[in-house]
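Here's the structure we're looking at; comments come further down.
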Amino acid sequence: TPYAVSSLNIQDITQNSNPGGIAGSLKNISGIHGAEMGPGIVKPFIRGLGFSRVVTMYQNNKLENHQWGQDHGLGLNTLGVKSVDVIKGPASILYGSGAVGGVLLVKDDEGYLTSEKPTGTFGTSYHSVSHGLRTYGSVGNKFQNNLFVAADLAYESHADYKDGSEWLIGNSRLNNHTMRLHTGIDKDKFKNKLSFTYHKQNLGIIEDNEMQETLATTTRSDRKMQLPFQEIADYLVSYSQETFHDTFDIYIHLSHHFNDRNEIEEELSQIDLGLRQNHTFFSGRITFRPDDGFRHTFGVQASAIQTQNKKEVAEILLPDANTNDIGIYYLGSKRFKGFYLQGGLRFDYRNVRAMANSTLFTDYGFILPGDPENQKLTTSFSGFTGSLGSSFYFTDLQQIKINLSAGFRAPDLAELFSNGPHPGTNRFEMGNANFDREQSIQADVTYVFDKKWLAFSTSIYFNTIANYIFFTNTGEIRPEDGLEIWAFQQQGAQLYGGEAELKILP
């Protein structure tokens, strides 16, 4: 591929056993950073872009789990994961709106497919800084009729984190448990896989005064949640199927993800912010491989997202909304001797219907554009993206990649419609329903030297983004409750830089 790509393999992930899950482990890759709101809440940033600008593909599903929130982590741990590939830079042509910064491709560990006997792993780790324990196990088996079954289980629990100066970081405790089940058929010409994942997290929210001794009111090894904290549950079922023919291949995927999120701040019996999100995602493509060496891929992706506030919540930050996406694309490639050329074009359309008629929302004076009487608004975004790149091996060990990519991102719900206090913070957040879509163009050049015991790579890039949306403190204070007013704003932006990585394997 002409993209700048880095990979983190299972050995790195397992040995790291990072409480921040996959996002915490990825920080070791050049050009990748993790914004942390505590050991269990880590958001990945690729070349300075994060939140809704990074797409995560998990079980071939385009993950939607409220990436807009600063205190919302990626929410994925390393259970049953073989590797994570990181595409750096716009990849919207294959993954649609949101892939302006890059893509995380999470790949399952399917080692049981190459074994004639049941195979698996078991492990446990201990973290002295948090008295943290993580225990995990995986087992899988492929039968003679090509049917396979597999299961993964993990439990993790951490008390409050103690830093190098022996300060106890109040309410940095967390615990989670995960179960994954897989079954399918693995043949030469036909492969399918049905997977189910359940992931439950309890995450303490670290406040501005976490260094005060009075906040650490419990014992060193106490793991029971104290205010404020988050309760998050994810249920994901996915089905993927591939068929291989002499001159073409067909791929289809269908998944449904339910995300249940509670933020509890004032009382244990009261949900301050509660959201339910249902996301159905479809992806299909057909790739033709004619004898002339060209590859032609035609694809379609569609998703429907329903976001609802719980009826029992004390506050509402976002209105109820339905978001529908559809995208179609073409990708062509040609391999020559030592030379690979790839290019494509994509069109995306997004329709958003917001229902801001809750009294908890309108009491703060929120008015939709046009001031509709029913407090409902339908808006849409559309745009083209494209890419053109090549990779060239000028020796067996050295490769140059050159790529020009365009990215497209529709504003997320928080950027469009936020209007209220955000529990767990000291902010009153405001969006803007008149925002335009973000459009980026990035050029990057990558050099790779790869030998058995020595690997070196370096990249430079320049990314210009029209209508870049950012979050900033307005400097104003609400007289009603003393909250700082933070608002989303929009203007042009430019990001440029470089990265280098050296690996020595004696």
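In the structure tokens, chains take the letters A, B, ... in the order shown, each chain's residues start at 1, and ligands count up from 1 in the order shown.
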Per residue of range 83-111 of chain A within 12 Å of range 18-36 of chain A, which atom pair is closest and at what distance in Å (one decimal), using only C-alpha atoms, listed by chain and increasing number, as JSON lines?
{"residue": "A:Ser83", "atom": "CA", "partner": "A:Ile22", "partner_atom": "CA", "distance": 9.7}
{"residue": "A:Val84", "atom": "CA", "partner": "A:Ile22", "partner_atom": "CA", "distance": 8.2}
{"residue": "A:Asp85", "atom": "CA", "partner": "A:Leu26", "partner_atom": "CA", "distance": 9.7}
{"residue": "A:Val86", "atom": "CA", "partner": "A:Leu26", "partner_atom": "CA", "distance": 8.8}
{"residue": "A:Ile87", "atom": "CA", "partner": "A:Ile32", "partner_atom": "CA", "distance": 10.5}
{"residue": "A:Lys88", "atom": "CA", "partner": "A:Gly31", "partner_atom": "CA", "distance": 8.0}
{"residue": "A:Gly89", "atom": "CA", "partner": "A:Gly31", "partner_atom": "CA", "distance": 10.4}
{"residue": "A:Gly101", "atom": "CA", "partner": "A:Ile32", "partner_atom": "CA", "distance": 10.7}
{"residue": "A:Gly102", "atom": "CA", "partner": "A:Ile32", "partner_atom": "CA", "distance": 10.3}
{"residue": "A:Val103", "atom": "CA", "partner": "A:Ile32", "partner_atom": "CA", "distance": 11.3}
{"residue": "A:Leu104", "atom": "CA", "partner": "A:Ala23", "partner_atom": "CA", "distance": 9.5}
{"residue": "A:Leu105", "atom": "CA", "partner": "A:Ile22", "partner_atom": "CA", "distance": 11.0}
{"residue": "A:Val106", "atom": "CA", "partner": "A:Ile22", "partner_atom": "CA", "distance": 8.9}
{"residue": "A:Lys107", "atom": "CA", "partner": "A:Ile22", "partner_atom": "CA", "distance": 11.5}
Output for the residues just chosen: N, CA and C atoms as a JSON list (two decimals), in the first residue's frame:
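Output saved as again_32.json:
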[["chain", "number", "residue", "atom", "x", "y", "z"],
["A", 83, "SER", "N", -3.07, -8.22, 16.17],
["A", 83, "SER", "CA", -2.26, -7.05, 15.82],
["A", 83, "SER", "C", -3.18, -5.87, 15.55],
["A", 84, "VAL", "N", -2.57, -4.68, 15.51],
["A", 84, "VAL", "CA", -3.28, -3.46, 15.14],
["A", 84, "VAL", "C", -2.44, -2.76, 14.09],
["A", 85, "ASP", "N", -3.03, -2.55, 12.92],
["A", 85, "ASP", "CA", -2.38, -1.78, 11.86],
["A", 85, "ASP", "C", -2.88, -0.34, 11.93],
["A", 86, "VAL", "N", -1.97, 0.61, 11.81],
["A", 86, "VAL", "CA", -2.30, 2.02, 11.89],
["A", 86, "VAL", "C", -2.01, 2.68, 10.54],
["A", 87, "ILE", "N", -3.06, 3.15, 9.87],
["A", 87, "ILE", "CA", -2.90, 3.94, 8.66],
["A", 87, "ILE", "C", -2.79, 5.40, 9.07],
["A", 88, "LYS", "N", -1.70, 6.04, 8.72],
["A", 88, "LYS", "CA", -1.46, 7.42, 9.11],
["A", 88, "LYS", "C", -1.87, 8.35, 7.97],
["A", 89, "GLY", "N", -2.79, 9.24, 8.27],
["A", 89, "GLY", "CA", -3.24, 10.18, 7.25],
["A", 89, "GLY", "C", -4.60, 9.80, 6.71],
["A", 101, "GLY", "N", -7.82, 11.72, 10.07],
["A", 101, "GLY", "CA", -6.54, 11.57, 10.72],
["A", 101, "GLY", "C", -5.88, 10.24, 10.46],
["A", 102, "GLY", "N", -6.68, 9.19, 10.30],
["A", 102, "GLY", "CA", -6.12, 7.87, 10.07],
["A", 102, "GLY", "C", -7.09, 6.79, 10.51],
["A", 103, "VAL", "N", -6.61, 5.56, 10.49],
["A", 103, "VAL", "CA", -7.45, 4.40, 10.77],
["A", 103, "VAL", "C", -6.69, 3.42, 11.65],
["A", 104, "LEU", "N", -7.38, 2.83, 12.63],
["A", 104, "LEU", "CA", -6.86, 1.72, 13.41],
["A", 104, "LEU", "C", -7.57, 0.45, 12.95],
["A", 105, "LEU", "N", -6.80, -0.51, 12.43],
["A", 105, "LEU", "CA", -7.34, -1.78, 11.96],
["A", 105, "LEU", "C", -7.00, -2.85, 12.99],
["A", 106, "VAL", "N", -7.97, -3.25, 13.79],
["A", 106, "VAL", "CA", -7.76, -4.24, 14.84],
["A", 106, "VAL", "C", -8.05, -5.62, 14.26],
["A", 107, "LYS", "N", -7.04, -6.50, 14.33],
["A", 107, "LYS", "CA", -7.15, -7.82, 13.72],
["A", 107, "LYS", "C", -7.19, -8.90, 14.80]]
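Non-sequential neighbours of Lys451 in chain A (distance at most 12 Å, separation of 5 or more positions within a chain, only C-alpha atoms) are Thr395, Asp396, Leu397, Gln398, Gln399, Phe456, Ser457, Leu502, Lys503, Ile504, Leu505 and Pro506 of chain A.
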Residue subset to file, keeping all heavy atoms, as a JSON list (two decimals), in the first residue's frame:
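Output below, filename result_34.json:
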[["chain", "number", "residue", "atom", "x", "y", "z"],
["A", 395, "THR", "N", 15.57, -1.15, -4.18],
["A", 395, "THR", "CA", 16.39, -2.32, -3.91],
["A", 395, "THR", "C", 15.49, -3.31, -3.17],
["A", 395, "THR", "O", 14.36, -2.97, -2.80],
["A", 395, "THR", "CB", 17.63, -2.00, -3.04],
["A", 395, "THR", "OG1", 17.21, -1.73, -1.72],
["A", 395, "THR", "CG2", 18.41, -0.82, -3.60],
["A", 396, "ASP", "N", 16.00, -4.52, -2.92],
["A", 396, "ASP", "CA", 15.19, -5.50, -2.20],
["A", 396, "ASP", "C", 14.89, -5.07, -0.77],
["A", 396, "ASP", "O", 13.94, -5.57, -0.15],
["A", 396, "ASP", "CB", 15.91, -6.86, -2.18],
["A", 396, "ASP", "CG", 15.97, -7.49, -3.56],
["A", 396, "ASP", "OD1", 15.16, -7.09, -4.41],
["A", 396, "ASP", "OD2", 16.83, -8.36, -3.76],
["A", 397, "LEU", "N", 15.68, -4.16, -0.22],
["A", 397, "LEU", "CA", 15.54, -3.78, 1.18],
["A", 397, "LEU", "C", 14.98, -2.38, 1.37],
["A", 397, "LEU", "O", 14.62, -2.01, 2.49],
["A", 397, "LEU", "CB", 16.91, -3.86, 1.89],
["A", 397, "LEU", "CG", 17.63, -5.20, 1.85],
["A", 397, "LEU", "CD1", 18.99, -5.08, 2.52],
["A", 397, "LEU", "CD2", 16.80, -6.28, 2.50],
["A", 398, "GLN", "N", 14.90, -1.58, 0.28],
["A", 398, "GLN", "CA", 14.53, -0.18, 0.43],
["A", 398, "GLN", "C", 13.29, 0.15, -0.41],
["A", 398, "GLN", "O", 13.17, -0.29, -1.56],
["A", 398, "GLN", "CB", 15.68, 0.73, 0.01],
["A", 398, "GLN", "CG", 16.95, 0.52, 0.82],
["A", 398, "GLN", "CD", 18.05, 1.45, 0.41],
["A", 398, "GLN", "OE1", 18.06, 2.62, 0.77],
["A", 398, "GLN", "NE2", 18.99, 0.94, -0.36],
["A", 399, "GLN", "N", 12.39, 0.92, 0.22],
["A", 399, "GLN", "CA", 11.12, 1.26, -0.43],
["A", 399, "GLN", "C", 10.79, 2.73, -0.20],
["A", 399, "GLN", "O", 11.06, 3.28, 0.86],
["A", 399, "GLN", "CB", 10.00, 0.38, 0.15],
["A", 399, "GLN", "CG", 8.63, 0.59, -0.48],
["A", 399, "GLN", "CD", 7.55, -0.19, 0.23],
["A", 399, "GLN", "OE1", 7.71, -0.56, 1.38],
["A", 399, "GLN", "NE2", 6.44, -0.44, -0.44],
["A", 456, "PHE", "N", 14.29, 0.51, 9.58],
["A", 456, "PHE", "CA", 14.26, 1.95, 9.74],
["A", 456, "PHE", "C", 13.23, 2.54, 8.80],
["A", 456, "PHE", "O", 13.11, 2.13, 7.64],
["A", 456, "PHE", "CB", 15.64, 2.56, 9.45],
["A", 456, "PHE", "CG", 15.63, 4.07, 9.43],
["A", 456, "PHE", "CD1", 15.56, 4.79, 10.62],
["A", 456, "PHE", "CD2", 15.68, 4.76, 8.24],
["A", 456, "PHE", "CE1", 15.55, 6.18, 10.61],
["A", 456, "PHE", "CE2", 15.66, 6.15, 8.22],
["A", 456, "PHE", "CZ", 15.60, 6.85, 9.40],
["A", 457, "SER", "N", 12.44, 3.48, 9.30],
["A", 457, "SER", "CA", 11.47, 4.17, 8.45],
["A", 457, "SER", "C", 11.38, 5.63, 8.88],
["A", 457, "SER", "O", 11.57, 5.96, 10.06],
["A", 457, "SER", "CB", 10.09, 3.51, 8.53],
["A", 457, "SER", "OG", 9.55, 3.62, 9.83],
["A", 502, "LEU", "N", 13.32, 3.41, 14.45],
["A", 502, "LEU", "CA", 14.44, 2.50, 14.27],
["A", 502, "LEU", "C", 14.23, 1.28, 15.14],
["A", 502, "LEU", "O", 13.95, 1.40, 16.35],
["A", 502, "LEU", "CB", 15.77, 3.17, 14.65],
["A", 502, "LEU", "CG", 17.02, 2.27, 14.65],
["A", 502, "LEU", "CD1", 17.35, 1.84, 13.23],
["A", 502, "LEU", "CD2", 18.20, 3.02, 15.28],
["A", 503, "LYS", "N", 14.33, 0.08, 14.57],
["A", 503, "LYS", "CA", 14.19, -1.15, 15.32],
["A", 503, "LYS", "C", 15.44, -2.02, 15.08],
["A", 503, "LYS", "O", 15.81, -2.26, 13.93],
["A", 503, "LYS", "CB", 12.95, -1.94, 14.86],
["A", 503, "LYS", "CG", 11.64, -1.30, 15.25],
["A", 503, "LYS", "CD", 10.47, -2.18, 14.84],
["A", 503, "LYS", "CE", 9.14, -1.55, 15.23],
["A", 503, "LYS", "NZ", 7.98, -2.43, 14.83],
["A", 504, "ILE", "N", 16.04, -2.47, 16.17],
["A", 504, "ILE", "CA", 17.18, -3.37, 16.10],
["A", 504, "ILE", "C", 16.80, -4.65, 16.78],
["A", 504, "ILE", "O", 16.39, -4.67, 17.94],
["A", 504, "ILE", "CB", 18.42, -2.74, 16.77],
["A", 504, "ILE", "CG1", 18.79, -1.42, 16.09],
["A", 504, "ILE", "CG2", 19.59, -3.71, 16.74],
["A", 504, "ILE", "CD1", 19.91, -0.69, 16.77],
["A", 505, "LEU", "N", 16.90, -5.77, 16.06],
["A", 505, "LEU", "CA", 16.50, -7.09, 16.58],
["A", 505, "LEU", "C", 17.72, -8.00, 16.60],
["A", 505, "LEU", "O", 18.03, -8.69, 15.63],
["A", 505, "LEU", "CB", 15.40, -7.69, 15.69],
["A", 505, "LEU", "CG", 14.18, -6.79, 15.45],
["A", 505, "LEU", "CD1", 13.26, -7.40, 14.43],
["A", 505, "LEU", "CD2", 13.45, -6.52, 16.73],
["A", 506, "PRO", "N", 18.49, -7.99, 17.70],
["A", 506, "PRO", "CA", 19.71, -8.80, 17.74],
["A", 506, "PRO", "C", 19.39, -10.30, 17.68],
["A", 506, "PRO", "O", 18.37, -10.73, 18.15],
["A", 506, "PRO", "CB", 20.33, -8.43, 19.08],
["A", 506, "PRO", "CG", 19.41, -7.53, 19.79],
["A", 506, "PRO", "CD", 18.24, -7.24, 18.92]]
- range 251-335 of chain A: residues DSSP assigns to strand (DSSP E), reported as a count of residues only: 62
Would you mind listing, for every residue of range 410-475 of chain A within 12 Å of range 383-386 of chain A, the two atoms forming the shortest contact and the distance between them in Å to one decimal, using only C-alpha atoms, sorted by chain and ascending residue number, as a Markdown table?
| residue | atom | partner | partner_atom | distance |
| --- | --- | --- | --- | --- |
| A:Ala410 | CA | A:Gly383 | CA | 9.1 |
| A:Asp436 | CA | A:Gly383 | CA | 10.9 |
| A:Arg437 | CA | A:Gly383 | CA | 8.3 |
| A:Glu438 | CA | A:Gly383 | CA | 9.5 |
| A:Gln439 | CA | A:Gly383 | CA | 8.3 |
| A:Ser440 | CA | A:Thr385 | CA | 9.0 |
| A:Ile441 | CA | A:Thr385 | CA | 9.2 |
| A:Gln442 | CA | A:Gly386 | CA | 10.9 |
With only C-alpha atoms counted and 10 Å as the cut-off, give the residues of range 390-465 of chain A in contact with range 324-336 of chain A, each with its shortest interatomic distance in Å and the pair that gives it, as a Markdown table.
| residue | atom | partner | partner_atom | distance |
| --- | --- | --- | --- | --- |
| A:Ser390 | CA | A:Ser333 | CA | 9.3 |
| A:Ser391 | CA | A:Arg335 | CA | 9.6 |
| A:Phe392 | CA | A:Phe336 | CA | 9.4 |
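Residues lying within 12 Å of Gly389 in chain A, counting only C-alpha atoms and ignoring same-chain neighbours fewer than 4 positions away, are Thr1, Pro2, Tyr3, Ala4, Ala91, Leu331, Gly332, Ser333, Lys334, Phe339, Tyr340, Leu341, Gln342, Gly343, Gly344, Ile400, Lys401, Ile402, Asn403, Leu404, Ser405, Ala406, Gln442, Ala443, Asp444, Val445 and Thr446 of chain A.
Among A:Gly184, A:Gly75, A:Gly164, A:Gly96, the residue with the shortest atom-to-atom distance to Tyr349 in chain A, counting only C-alpha atoms, is A:Gly96.
Proximity to Asn473 in chain A was assessed for A:Lys162, A:His177, A:Lys376, A:Arg427 counting only C-alpha atoms; the smallest distance is recorded for A:Arg427.
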